[in-house]
Every structure is written in structure tokens, then in C-alpha cells.
>>> print(open('coords_23.txt').read())   # compact mmCIF, C-alpha atoms
# COMPACT_ATOMS: atom_id res chain seq x y z
CA MET O 1 -33.24 8.08 -6.45
CA ASN O 2 -33.97 9.00 -10.03
CA PRO O 3 -32.79 6.03 -12.14
CA ASN O 4 -32.32 8.23 -15.21
CA ALA O 5 -30.29 10.95 -13.53
CA PRO O 6 -26.52 11.12 -14.09
CA PHE O 7 -24.67 9.15 -11.42
CA ASP O 8 -23.00 12.16 -9.81
CA ASP O 9 -26.28 14.07 -9.61
CA ASP O 10 -28.13 11.36 -7.73
CA VAL O 11 -29.05 11.89 -4.10
CA TRP O 12 -27.79 9.04 -1.94
CA GLU O 13 -30.16 7.57 0.56
CA LEU O 14 -29.41 5.34 3.53
CA TYR O 15 -32.14 4.23 5.91
CA HIS O 16 -31.96 2.31 9.18
CA VAL O 17 -34.78 -0.09 8.32
CA ALA O 18 -34.95 -1.87 11.66
CA GLU O 19 -35.91 1.31 13.52
CA ASP O 20 -37.52 3.22 10.69
CA LEU O 21 -39.79 0.93 8.72
CA SER O 22 -41.35 3.80 6.82
CA GLU O 23 -37.89 4.88 5.70
CA THR O 24 -38.60 8.49 6.49
CA HIS O 25 -35.57 9.12 8.65
CA ASP O 26 -32.73 9.51 6.17
CA LEU O 27 -29.35 8.71 7.75
CA ALA O 28 -27.71 10.12 4.65
CA ALA O 29 -28.77 13.55 5.78
CA GLN O 30 -26.83 12.94 8.99
CA GLU O 31 -23.74 11.60 7.27
CA PRO O 32 -23.43 13.26 3.89
CA GLU O 33 -19.64 13.12 3.88
CA ARG O 34 -19.51 9.36 4.33
CA LEU O 35 -22.00 8.68 1.57
CA ALA O 36 -20.30 11.06 -0.83
CA ALA O 37 -17.01 9.39 -0.02
CA LEU O 38 -18.25 6.07 -1.44
CA ILE O 39 -17.78 7.53 -4.90
CA ALA O 40 -14.72 9.67 -4.14
CA ARG O 41 -11.76 9.68 -6.52
CA GLU O 42 -9.11 9.04 -3.85
CA PRO O 43 -8.72 5.30 -3.09
CA PRO O 44 -8.13 5.68 0.70
CA VAL O 45 -11.34 7.72 1.00
CA ARG O 46 -13.36 5.15 -1.00
CA LYS O 47 -11.89 2.30 1.07
CA ALA O 48 -12.69 3.97 4.39
CA ALA O 49 -16.26 4.75 3.26
CA ALA O 50 -16.86 1.18 2.05
CA ARG O 51 -15.49 -0.23 5.30
CA ALA O 52 -17.76 2.05 7.31
CA LEU O 53 -20.79 1.01 5.25
CA SER O 54 -19.82 -2.65 5.58
CA ARG O 55 -19.52 -2.27 9.38
CA LEU O 56 -22.91 -0.59 9.59
CA THR O 57 -24.66 -3.27 7.54
CA ARG O 58 -23.09 -6.06 9.58
CA ARG O 59 -24.46 -4.54 12.79
CA GLN O 60 -27.94 -3.67 11.60
CA ARG O 61 -30.23 -4.05 8.64
CA LEU O 62 -30.10 -0.94 6.54
CA GLY O 63 -32.15 0.06 3.55
CA ILE O 64 -29.53 0.99 1.00
CA ASP O 65 -29.85 2.20 -2.53
CA HIS O 66 -28.37 -0.90 -4.18
CA GLY O 67 -28.16 0.89 -7.53
CA LYS O 68 -25.50 3.18 -6.12
CA VAL O 69 -23.53 0.35 -4.56
CA GLU O 70 -23.82 -1.71 -7.74
CA HIS O 71 -22.48 1.21 -9.74
CA ALA O 72 -19.52 1.45 -7.37
CA VAL O 73 -18.87 -2.32 -7.72
CA HIS O 74 -18.82 -2.01 -11.52
CA SER O 75 -16.48 0.95 -11.27
CA GLU O 76 -14.05 -1.01 -9.05
CA LEU O 77 -14.14 -4.05 -11.34
CA ALA O 78 -13.56 -1.81 -14.38
CA GLY O 79 -10.48 -0.43 -12.62
CA ALA O 80 -9.31 -3.98 -11.90
CA ARG O 81 -9.74 -4.99 -15.56
CA LEU O 82 -7.87 -1.87 -16.71
CA ALA O 83 -4.87 -2.72 -14.50
CA LEU O 84 -4.87 -6.34 -15.69
CA ALA O 85 -5.16 -5.27 -19.36
CA ALA O 86 -2.19 -2.92 -18.91
CA GLN O 87 -0.15 -5.67 -17.27
CA LYS O 88 -0.87 -7.94 -20.23
CA LYS O 89 -0.02 -5.26 -22.79
CA LEU O 90 3.31 -4.42 -21.16
CA ALA O 91 4.10 -8.16 -21.02
CA LEU O 92 6.16 -7.62 -17.88
CA SER O 93 7.91 -10.55 -16.32
CA LEU O 94 6.74 -11.39 -12.81
CA PRO O 95 8.82 -12.82 -9.97
CA SER O 96 8.56 -16.57 -9.45
CA PRO O 97 5.97 -17.59 -6.82
CA GLY O 98 7.25 -16.79 -3.32
CA LYS O 99 10.05 -14.57 -4.68
CA ALA O 100 10.32 -10.79 -4.31
CA PRO O 101 10.46 -8.55 -7.41
CA ALA O 102 14.08 -7.90 -8.33
CA THR O 103 13.83 -5.25 -11.07
CA PRO O 104 11.70 -2.13 -11.74
CA ALA O 105 9.97 -4.13 -14.52
CA GLU O 106 8.97 -6.88 -12.10
CA LEU O 107 7.92 -4.30 -9.52
CA LEU O 108 5.65 -2.59 -12.07
CA GLY O 109 4.12 -5.97 -12.96
CA VAL O 110 3.52 -6.68 -9.27
CA ALA O 111 2.13 -3.16 -8.65
CA LEU O 112 -0.39 -3.55 -11.51
CA LEU O 113 -1.59 -6.90 -10.14
CA GLU O 114 -1.76 -5.48 -6.60
CA GLU O 115 -3.85 -2.61 -7.95
CA ARG O 116 -6.09 -5.15 -9.68
CA ASP O 117 -6.45 -7.16 -6.44
CA SER O 118 -7.06 -4.04 -4.39
CA ARG O 119 -9.91 -2.97 -6.72
CA VAL O 120 -11.40 -6.50 -6.59
CA LEU O 121 -11.23 -6.46 -2.77
CA GLN O 122 -13.08 -3.16 -2.72
CA ALA O 123 -15.71 -4.64 -5.07
CA LEU O 124 -16.10 -7.66 -2.77
CA LEU O 125 -16.54 -5.43 0.27
CA LEU O 126 -19.34 -3.59 -1.51
CA LEU O 127 -20.88 -6.84 -2.77
CA GLU O 128 -21.04 -8.04 0.83
CA VAL O 129 -23.08 -4.94 1.64
CA MET O 130 -25.60 -5.94 -1.02
CA LEU O 131 -25.41 -9.68 -0.31
CA PRO O 132 -25.09 -9.97 3.48
CA GLU O 133 -25.67 -13.74 3.31
CA VAL O 134 -22.39 -14.14 1.39
CA HIS O 135 -19.42 -13.84 3.73
CA LEU O 136 -16.47 -12.66 1.70
CA ASP O 137 -14.14 -11.01 4.22
CA VAL O 138 -11.89 -14.01 4.88
CA VAL O 139 -11.86 -14.86 1.19
CA ALA O 140 -10.82 -11.34 0.35
CA GLU O 141 -7.96 -11.51 2.83
CA ASN O 142 -6.61 -14.67 1.20
CA LEU O 143 -6.68 -13.14 -2.27
CA ARG O 144 -3.70 -11.02 -1.20
CA SER O 145 -1.81 -13.97 0.24
CA GLU O 146 1.72 -14.59 -1.00
CA PHE O 147 0.91 -18.30 -0.88
CA GLN O 148 -0.55 -19.65 -4.10
CA SER O 149 -2.60 -22.28 -2.27
CA ALA O 150 -4.39 -19.67 -0.11
CA ARG O 151 -5.17 -17.58 -3.19
CA GLY O 152 -6.38 -20.68 -5.04
CA ASN O 153 -8.71 -21.56 -2.16
CA ALA O 154 -10.07 -18.02 -2.11
CA ILE O 155 -10.87 -18.16 -5.81
CA GLU O 156 -12.58 -21.51 -5.35
CA VAL O 157 -14.75 -20.11 -2.55
CA LEU O 158 -15.67 -17.12 -4.72
CA ASP O 159 -16.57 -19.50 -7.51
CA ASN O 160 -19.02 -21.27 -5.18
CA ALA O 161 -20.32 -18.32 -3.18
CA LEU O 162 -20.98 -15.51 -5.65
CA PRO O 163 -24.16 -15.29 -7.71
CA GLU O 164 -23.49 -16.05 -11.38
CA ARG O 165 -23.62 -12.50 -12.74
CA TRP O 166 -21.07 -11.23 -10.22
CA LYS O 167 -18.97 -14.38 -10.30
CA ARG O 168 -18.18 -14.00 -14.01
CA LEU O 169 -17.10 -10.38 -13.62
CA VAL O 170 -15.03 -10.94 -10.47
CA LEU O 171 -13.27 -14.08 -11.71
CA ALA O 172 -12.52 -12.51 -15.11
CA ALA O 173 -10.90 -9.54 -13.34
CA LEU O 174 -8.78 -12.07 -11.44
CA ASP O 175 -7.90 -13.69 -14.79
CA GLU O 176 -9.78 -16.86 -13.81
CA VAL O 177 -11.97 -17.07 -16.88
CA LYS O 178 -14.91 -19.45 -16.73
CA ARG O 179 -16.58 -18.61 -20.04
CA ARG O 180 -15.37 -17.56 -23.45
CA GLY O 181 -15.90 -13.86 -23.90
CA ASP O 182 -15.19 -12.99 -20.26
CA GLN O 183 -11.43 -12.81 -20.73
CA VAL O 184 -9.58 -9.54 -20.15
CA TYR O 185 -7.39 -8.89 -23.19
CA ALA O 186 -4.19 -6.88 -23.45
CA ASP O 187 -4.85 -3.13 -23.53
CA ALA O 188 -5.60 -2.07 -27.11
CA ARG O 189 -3.96 1.35 -26.90
CA ILE O 190 -0.59 1.98 -28.53
CA MET O 191 2.30 1.89 -26.08
CA PRO O 192 2.98 5.65 -25.70
CA GLU O 193 -0.73 6.29 -25.12
CA LEU O 194 -0.97 3.56 -22.49
CA LEU O 195 2.19 4.71 -20.70
CA ALA O 196 1.00 8.32 -20.68
CA ALA O 197 -2.31 7.18 -19.14
CA LEU O 198 -0.53 5.10 -16.50
CA ILE O 199 1.84 7.97 -15.61
CA ALA O 200 -1.22 10.24 -15.35
CA GLY O 201 -2.54 7.92 -12.63
CA GLU O 202 -5.11 5.80 -14.48
CA SER O 203 -4.27 2.79 -12.29
CA GLY O 204 -3.31 4.75 -9.19
CA LEU O 205 -0.37 6.93 -8.26
CA TRP O 206 1.89 4.10 -7.09
CA VAL O 207 1.55 2.31 -10.45
CA ALA O 208 2.26 5.72 -12.02
CA ALA O 209 5.50 6.02 -10.04
CA CYS O 210 6.56 2.47 -10.96
CA THR O 211 5.77 3.17 -14.63
CA ALA O 212 7.81 6.37 -14.64
CA ARG O 213 10.75 4.55 -13.05
CA TRP O 214 10.42 1.55 -15.40
CA THR O 215 10.65 3.75 -18.49
CA LEU O 216 14.28 4.49 -17.54
CA ASP O 217 15.18 0.84 -18.16
CA ALA O 218 12.58 -0.14 -20.78
CA PRO O 219 14.14 -1.23 -24.04
CA SER O 220 13.26 0.61 -27.28
CA LEU O 221 11.18 3.24 -25.56
CA SER O 222 11.48 6.94 -26.33
CA LEU O 223 11.70 8.93 -23.11
CA THR O 224 11.47 12.14 -25.15
CA ALA O 225 7.99 11.16 -26.33
CA LEU O 226 6.93 10.77 -22.70
CA LEU O 227 8.48 14.04 -21.57
CA PRO O 228 5.17 16.00 -21.41
CA SER O 229 3.68 13.26 -19.18
CA MET O 230 6.78 13.27 -16.98
CA GLN O 231 6.74 17.05 -16.65
CA ALA O 232 3.07 16.94 -15.61
CA ALA O 233 3.96 14.20 -13.07
CA LEU O 234 6.48 16.54 -11.42
CA ARG O 235 3.42 18.31 -9.95
CA SER O 236 1.76 15.11 -8.70
CA PRO O 237 0.61 14.98 -5.06
CA ALA O 238 2.44 11.62 -4.75
CA ALA O 239 6.09 12.02 -3.74
CA PRO O 240 7.32 8.70 -5.29
CA LEU O 241 5.84 9.80 -8.63
CA ARG O 242 7.46 13.26 -8.45
CA GLU O 243 10.76 11.58 -7.66
CA ALA O 244 10.53 8.99 -10.48
CA ALA O 245 9.43 11.67 -12.97
CA ALA O 246 12.40 13.82 -11.94
CA LEU O 247 14.75 10.91 -12.70
CA ALA O 248 13.14 10.47 -16.13
CA VAL O 249 13.20 14.20 -16.95
CA ALA O 250 16.87 14.42 -16.00
CA ARG O 251 17.62 11.47 -18.28
CA ALA O 252 15.46 12.65 -21.22
CA ASN O 253 16.44 16.29 -21.15
CA PRO O 254 19.64 16.80 -19.12
CA SER O 255 20.35 20.29 -20.42
CA GLU O 256 16.95 21.54 -19.23
CA ALA O 257 16.99 19.57 -15.95
CA PRO O 258 18.15 22.47 -13.73
CA ARG O 259 15.29 24.66 -14.99
CA LEU O 260 12.64 21.93 -14.89
CA LEU O 261 13.64 20.37 -11.58
CA GLY O 262 15.00 23.36 -9.66
CA ALA O 263 11.84 23.87 -7.58
CA LEU O 264 11.83 20.24 -6.45
CA ALA O 265 15.23 20.65 -4.76
CA ASN O 266 13.22 22.12 -1.86
CA ASP O 267 10.34 19.65 -2.11
CA PRO O 268 8.54 19.08 1.23
CA ALA O 269 9.13 15.32 0.83
CA ALA O 270 12.71 14.65 1.91
CA SER O 271 12.97 11.71 -0.52
CA VAL O 272 12.19 13.98 -3.51
CA ALA O 273 14.42 16.84 -2.39
CA HIS O 274 17.30 14.45 -1.71
CA THR O 275 17.05 12.77 -5.14
CA VAL O 276 16.64 16.02 -7.06
CA ARG O 277 19.59 17.67 -5.33
CA ALA O 278 21.72 14.64 -6.19
CA LEU O 279 20.48 14.78 -9.81
CA LEU O 280 21.30 18.44 -10.04
CA GLU O 281 24.77 17.71 -8.73
CA LYS O 282 25.06 15.23 -11.61
CA ALA O 283 25.24 12.22 -9.29
CA ALA O 284 24.12 9.08 -11.09
CA PRO O 285 21.26 7.13 -9.49
CA ARG O 286 22.36 3.78 -8.15
CA ALA O 287 20.30 0.58 -8.28
CA ILE O 288 20.64 -1.59 -5.20
CA ALA O 289 18.28 -4.44 -5.86
CA MET J 1 21.18 8.05 -3.85
CA ILE J 2 18.51 5.36 -3.52
CA SER J 3 15.14 6.32 -4.98
CA THR J 4 11.83 5.35 -3.34
CA VAL J 5 11.11 2.72 -6.02
CA GLU J 6 14.51 1.13 -5.39
CA LYS J 7 13.97 1.25 -1.62
CA VAL J 8 10.69 -0.62 -2.15
CA LEU J 9 12.47 -3.23 -4.28
CA PHE J 10 15.01 -3.67 -1.50
CA MET J 11 12.44 -3.77 1.30
CA LYS J 12 10.35 -6.31 -0.61
CA SER J 13 13.29 -8.70 -0.28
CA ILE J 14 13.28 -8.41 3.53
CA ASP J 15 11.12 -10.80 5.56
CA LEU J 16 9.72 -8.09 7.82
CA PHE J 17 8.19 -6.27 4.84
CA ARG J 18 7.74 -8.82 2.06
CA ALA J 19 4.07 -9.49 2.76
CA LEU J 20 3.12 -5.81 2.54
CA PRO J 21 1.72 -4.67 -0.81
CA SER J 22 4.27 -2.51 -2.61
CA GLU J 23 2.11 0.62 -2.48
CA GLU J 24 1.95 0.40 1.31
CA LEU J 25 5.67 -0.29 1.44
CA ALA J 26 6.25 2.88 -0.58
CA GLN J 27 4.79 4.88 2.31
CA ILE J 28 7.44 3.40 4.59
CA ALA J 29 10.18 3.74 1.95
CA GLU J 30 9.47 7.46 1.76
CA ILE J 31 10.47 7.92 5.40
CA ALA J 32 13.44 5.50 5.19
CA GLU J 33 16.52 7.66 5.33
CA GLU J 34 19.70 6.54 3.60
CA GLN J 35 22.55 6.54 6.11
CA PRO J 36 26.15 5.83 5.04
CA MET J 37 28.38 4.55 7.86
CA ALA J 38 32.17 4.35 7.92
CA SER J 39 33.90 1.24 9.20
CA GLY J 40 34.19 1.46 13.00
CA GLU J 41 31.40 4.04 13.34
CA GLN J 42 28.86 3.33 16.09
CA ILE J 43 25.19 3.31 15.04
CA PHE J 44 23.81 3.30 18.56
CA ALA J 45 25.00 2.46 22.06
CA GLU J 46 23.58 0.11 24.70
CA GLY J 47 21.20 1.98 27.02
CA GLU J 48 20.24 4.68 24.52
CA PRO J 49 16.54 5.16 23.84
CA GLY J 50 15.41 3.08 20.82
CA ASP J 51 14.19 5.57 18.27
CA ALA J 52 14.56 3.78 14.92
CA LEU J 53 14.92 0.50 13.09
CA TYR J 54 17.65 -0.12 10.52
CA LEU J 55 17.97 -2.18 7.35
CA ILE J 56 21.43 -3.08 6.02
CA VAL J 57 21.70 -2.26 2.32
CA GLU J 58 25.46 -2.70 2.06
CA GLY J 59 28.25 -3.78 4.43
CA ARG J 60 28.21 -5.49 7.82
CA VAL J 61 27.71 -4.47 11.44
CA LYS J 62 28.38 -6.13 14.77
CA VAL J 63 26.00 -6.26 17.73
CA HIS J 64 28.02 -6.11 20.94
CA LYS J 65 27.97 -5.49 24.67
CA GLY J 66 31.18 -3.69 25.47
CA GLU J 67 33.98 -5.73 23.89
CA LYS J 68 31.91 -8.89 23.68
CA GLU J 69 30.52 -9.45 20.18
CA LEU J 70 27.08 -11.07 20.15
CA VAL J 71 26.42 -11.41 16.43
CA ARG J 72 27.35 -10.02 13.01
CA LEU J 73 24.68 -8.85 10.63
CA GLY J 74 24.91 -8.29 6.87
CA VAL J 75 22.95 -7.22 3.79
CA ARG J 76 19.14 -7.53 4.17
CA ASP J 77 19.37 -8.01 7.95
CA VAL J 78 17.20 -5.79 10.16
CA PHE J 79 18.04 -4.54 13.63
CA GLY J 80 16.33 -2.36 16.21
CA GLU J 81 12.85 -3.32 14.93
CA MET J 82 11.24 -3.63 18.35
CA ALA J 83 12.15 -0.03 19.10
CA VAL J 84 9.48 1.20 16.68
CA LEU J 85 6.80 -0.34 18.87
CA ASP J 86 8.14 0.26 22.38
CA SER J 87 10.56 2.80 23.76
CA GLU J 88 12.79 0.46 25.70
CA PRO J 89 16.49 1.35 25.86
CA ARG J 90 18.78 -0.44 23.42
CA SER J 91 19.85 -3.79 24.86
CA ALA J 92 23.20 -3.79 23.03
CA SER J 93 25.43 -1.54 20.92
CA VAL J 94 25.77 -1.78 17.14
CA THR J 95 28.89 -0.72 15.22
CA ALA J 96 29.78 -0.93 11.53
CA VAL J 97 32.64 -3.38 10.91
CA GLU J 98 33.08 -2.21 7.32
CA ASP J 99 31.79 0.71 5.25
CA ALA J 100 28.03 0.27 5.19
CA VAL J 101 24.83 1.83 3.87
CA LEU J 102 21.77 1.61 6.07
CA LEU J 103 18.14 2.60 5.71
CA LYS J 104 16.98 4.21 8.94
CA ILE J 105 13.26 4.27 9.72
CA GLY J 106 12.51 6.64 12.58
CA ARG J 107 10.06 5.47 15.24
CA ASP J 108 7.94 8.62 15.28
CA ASP J 109 7.53 8.74 11.48
CA PHE J 110 6.76 5.03 11.42
CA ARG J 111 4.16 5.38 14.16
CA ASP J 112 2.55 8.25 12.26
CA ILE J 113 2.13 5.97 9.25
CA LEU J 114 0.71 3.16 11.40
CA THR J 115 -1.81 5.61 12.84
CA GLU J 116 -2.84 7.08 9.51
CA ARG J 117 -2.87 3.85 7.48
CA PRO J 118 -4.49 0.99 9.42
CA GLU J 119 -3.86 -1.44 6.56
CA ILE J 120 -0.11 -0.95 7.07
CA ALA J 121 -0.48 -1.46 10.81
CA MET J 122 -2.40 -4.65 10.03
CA GLY J 123 0.40 -5.80 7.72
CA VAL J 124 3.05 -5.21 10.39
CA MET J 125 0.89 -6.99 12.98
CA LYS J 126 0.64 -10.00 10.66
CA VAL J 127 4.40 -10.11 10.23
CA LEU J 128 5.01 -9.89 13.99
CA THR J 129 2.36 -12.56 14.60
CA ARG J 130 4.05 -14.86 12.10
CA ARG J 131 7.40 -14.30 13.82
CA LEU J 132 5.81 -15.09 17.18
CA ARG J 133 4.32 -18.30 15.79
CA GLU J 134 7.69 -19.31 14.37
CA THR J 135 9.43 -18.55 17.67
CA SER J 136 6.94 -20.63 19.66
CA LYS J 137 7.15 -23.67 17.35
>>> encode(input="coords_23.txt", output="C-alpha cells")
Amino acid sequence: MNPNAPFDDDVWELYHVAEDLSETHDLAAQEPERLAALIAREPPVRKAAARALSRLTRRQRLGIDHGKVEHAVHSELAGARLALAAQKKLALSLPSPGKAPATPAELLGVALLEERDSRVLQALLLLEVMLPEVHLDVVAENLRSEFQSARGNAIEVLDNALPERWKRLVLAALDEVKRRGDQVYADARIMPELLAALIAGESGLWVAACTARWTLDAPSLSLTALLPSMQAALRSPAAPLREAAALAVARANPSEAPRLLGALANDPAASVAHTVRALLEKAAPRAIA
Amino acid sequence: MISTVEKVLFMKSIDLFRALPSEELAQIAEIAEEQPMASGEQIFAEGEPGDALYLIVEGRVKVHKGEKELVRLGVRDVFGEMAVLDSEPRSASVTAVEDAVLLKIGRDDFRDILTERPEIAMGVMKVLTRRLRETSK
């Protein structure tokens, strides 16, 4: 690995040290897809690649380019901080502990925190690859628990188990600040800029869908200003986002809705086609929660 | 018309799904088909193959064997959930006792999701395990 080369240009290397002490037999050459997938843009691909790497390192000692893994950990934690900062900026109410979200605003708040937790879990999985003596899998599981006590225990274990430099970053992303200066602050961008970034998928396509849906109910928010973002979201690969964007476009620009949404009436996702047809027939969406 | 986001909000309030992260639930919500039922309409009959589970969004249904009513179910109740995991025939009939709106989740679609997304399968397994623990207490 060339430490000065741009990240994407680096050649990944993965050696089975136990059987290849001279590190001449590069497993990466055998599994280029898996190694490339560790830095893929799509979350399910990254997750599957990290799980595979974690499984491999649990079974046998591998010589791994820790610089690459470290970079991936930082990237995941940056994503976690971004989601948390957005949640703070939007100042969304969250359901009481043990309660389900009851409004699109609460669902967006929950979705942002789930995205944050999911990115932290991915970071922990990769940290375990670098630090095999630290067992984080059970801890990670409890971070997603609906029970506050289980989550509290998980954070306490992380506090004790992680080396200092990682501990500060991980706990700050979880909003468990140990030192001044570590805290994640509310996103500094102005509201329309932040919302446009979220709808564009900055914190994942599910958060994008929840954001697009939330804008329908958000007080003192101009849907017209978000129209370009919504129109772009109509072409998203994620069906819930296409559907939520269609609802917003129909609300923001009803006279143009037939032209803008017409193609989605035959969307391959039944949920999108069903909603768009109903919109085009002027049926009002109905909230059930 | 119930959008996917609203289906997720609804499903999050149901025990079977509440522990699943909302993004994973959205995958299931996408295949949940809104099904309006008129009062007196039969949803399925005893002995039929079990090909879907149902969530009650509005209204009430009765579970019955012939004329004998076993139980009434209402909003946020789930029925037919075991049919998504095995293909046993329905053990009773279910009929709407008032106008109702259901979400129907087809077994084949649901199984496809469980196959493609192991984290969702793990979530469902956890829920079923919890139910089993509660039953055996």
C-alpha cells in the first residue's frame, strides 16, 4: 500500500498469515470483489463485506492492511456523526422510551438515530477486525436494544473495552460525551440545504424517504423551495423515497403533478404505482397512525 | 391509500414488528398490500392453504370454526402469522364483522425478503423467540 496514494487508488491486500508467513500469497487477488466491497457506497454491500472479513479474522489470523480498515471505521463514524448532527438540527421529538413513533416527525427522528447506530455498529465490526482481543459483537447487538438498560450496559462495556482514541470517537457518535470538544453539535447548514442533502440520501435512502414525507407536515417549511430535490428523488432507486417524493410534488405543484408523476403510475414497485395513481385521481392521502 | 412511511408507523406499533429497525420494516411495508373488507366478507376459510399474514388497520374480524366464534380481533391485532413460515392449512376461518382495512403480507414475498436480508430474518427470529419464552413462562 502506498500511504500517500488517494484512498480509492490504493491496492487492497489481504494475507493469510498463518499459512503464508512471507505474505507472498495475496488473498485479495482471489477475492477482489469482497475487498472492493468494503468501501462500496451501498450500505448492504459494505455490511456484507465487513461481516465476511470479520468471520475470516475470527477463524484465522490474517495480515490485513489496517490503514484501509481504519479509514473505513472513520468513514462509518463520520456518517454516524452526520446523522446525529442532523437529528439535533431538526430538533425532532422522539417517542418516549419503550413507545413506538406516532408521527412522521418522530419516525424521522428515530430513523436518523437508527442510521447513526447502524453506522456505529459497522464501525465496531471493523474495529473488531483490527482489535481481535476486544469482543464487541454482543455489545453491538445491545446497542440496538429497545430497552434502555441493555443499551446503557453496552455503552458501559464500550467505555471499558475500547482503546482511548477509538472510545472517544465512538462514544461521541453515540452522544455519550466523555470530554469537552468531543460533542457532536447540531448541523451548521441552513435548513433548506440540510433537507436537500438528506433527501439526496446523505444519511441513507430510508432517512431520505422519511425526510421527504416529514416535509408535508413540517411547520413553516416551503415545499416549493424543495421541489428540485423532490423531483430528483422521483428517480431514486428506493421505492419509499419515490413514493414520498411523489406525495410532496403533488402537494407543492398540483397543477404540474400529472406531467411530473405520470410515469410513476406504472412504477415497478406496487406501493409507488398505487400511491401515484391515487394521487392522480385526486384522492387525498390518509394518515392512519 | 396508505403510504409506505405510514405503513411503517403503523407496523412499529405492533408487537411482532416493533423491535425491527424502521428501515428494515420499510422493506416489509413495501410488500404489505392494503386490503379493504366489507362487513361479513370472509378473509380466508378453515382448511385453505396459509399464504399470508394480516394486520388489522381498521375494523374488527372474528376467528371462527363454522358457526362457533373463537375470538374477535381488532385494530393492531395480527392473524395468520405462522403461515408465513410454514404452509399448514388454516386452522380456522376469519370473517370481517364490520367494514375493515387490512394489510396483507404474502408468504412468498415475505420469504423472499427473509432470504435476501438476513438481518430481517434475524429480527423476526428474535420476535418469535421472545413469544416462545413468554408462552413457556
>>> closest_atom_pairs(input="coords_23.txt", of="segment 99-168 of chain O", to="segment 14-29 of chain J", cutoff="7 Å", atoms="only C-alpha atoms", output="CSV")
residue,atom,partner,partner_atom,distance
O:Ala111,CA,J:Ser22,CA,6.4
O:Glu114,CA,J:Pro21,CA,6.8
O:Glu146,CA,J:Ala19,CA,6.8
>>> write_last_selection(input="coords_23.txt", atoms="C-alpha atoms", output="PDB file, in the coordinates of the input")
ATOM      1  CA  ALA O 111       2.130  -3.160  -8.650  1.00  0.00           C
ATOM      2  CA  GLU O 114      -1.760  -5.480  -6.600  1.00  0.00           C
ATOM      3  CA  GLU O 146       1.720 -14.590  -1.000  1.00  0.00           C
TER       4      GLU O 146
END
>>> interface_residues(input="coords_23.txt", of="chain J", to="chain O", cutoff="7 Å", atoms="all atoms listed in the file", output="PyMOL selection string")
chain J and resi 1-6+9-10+12-13+19+21-23+30
>>> atom_distance(input="coords_23.txt", atom1="atom CA of Arg41 of chain O", atom2="atom CA of Glu76 of chain O")
11.2 Å
>>> atom_distance(input="coords_23.txt", atom1="atom CA of Ala100 of chain J", atom2="atom CA of Tyr54 of chain J")
11.7 Å
>>> atom_distance(input="coords_23.txt", atom1="atom CA of Asp182 of chain O", atom2="atom CA of Ala105 of chain O")
27.3 Å
>>> residues_around(input="coords_23.txt", residues="Val84 of chain J", least_positions_apart="5", cutoff="12 Å", atoms="only C-alpha atoms", output="list of chain:residue names")
J:Pro49, J:Gly50, J:Asp51, J:Ala52, J:Leu53, J:Tyr54, J:Phe79, J:Pro89, J:Arg90, J:Lys104, J:Ile105, J:Gly106, J:Arg107, J:Asp108, J:Asp109, J:Phe110, J:Arg111, J:Asp112, J:Ile113, J:Leu114, J:Ala121, J:Val124
>>> axis_aligned_box(input="coords_23.txt", around="segment 102-109 of chain O", padding_each_side="4 Å", output="JSON")
{"center_x": 9.1, "center_y": -5.0, "center_z": -11.4, "size_x": 18.0, "size_y": 13.8, "size_z": 14.2}
>>> closest_residue(input="coords_23.txt", among="J:Lys65, J:Ser39, J:Gly123, J:Leu55", to="Lys7 of chain J", atoms="all atoms listed in the file")
J:Leu55
>>> closest_residue(input="coords_23.txt", among="O:Leu223, O:Ala150, O:Gln122, O:Lys88", to="Leu53 of chain O", atoms="all atoms listed in the file")
O:Gln122
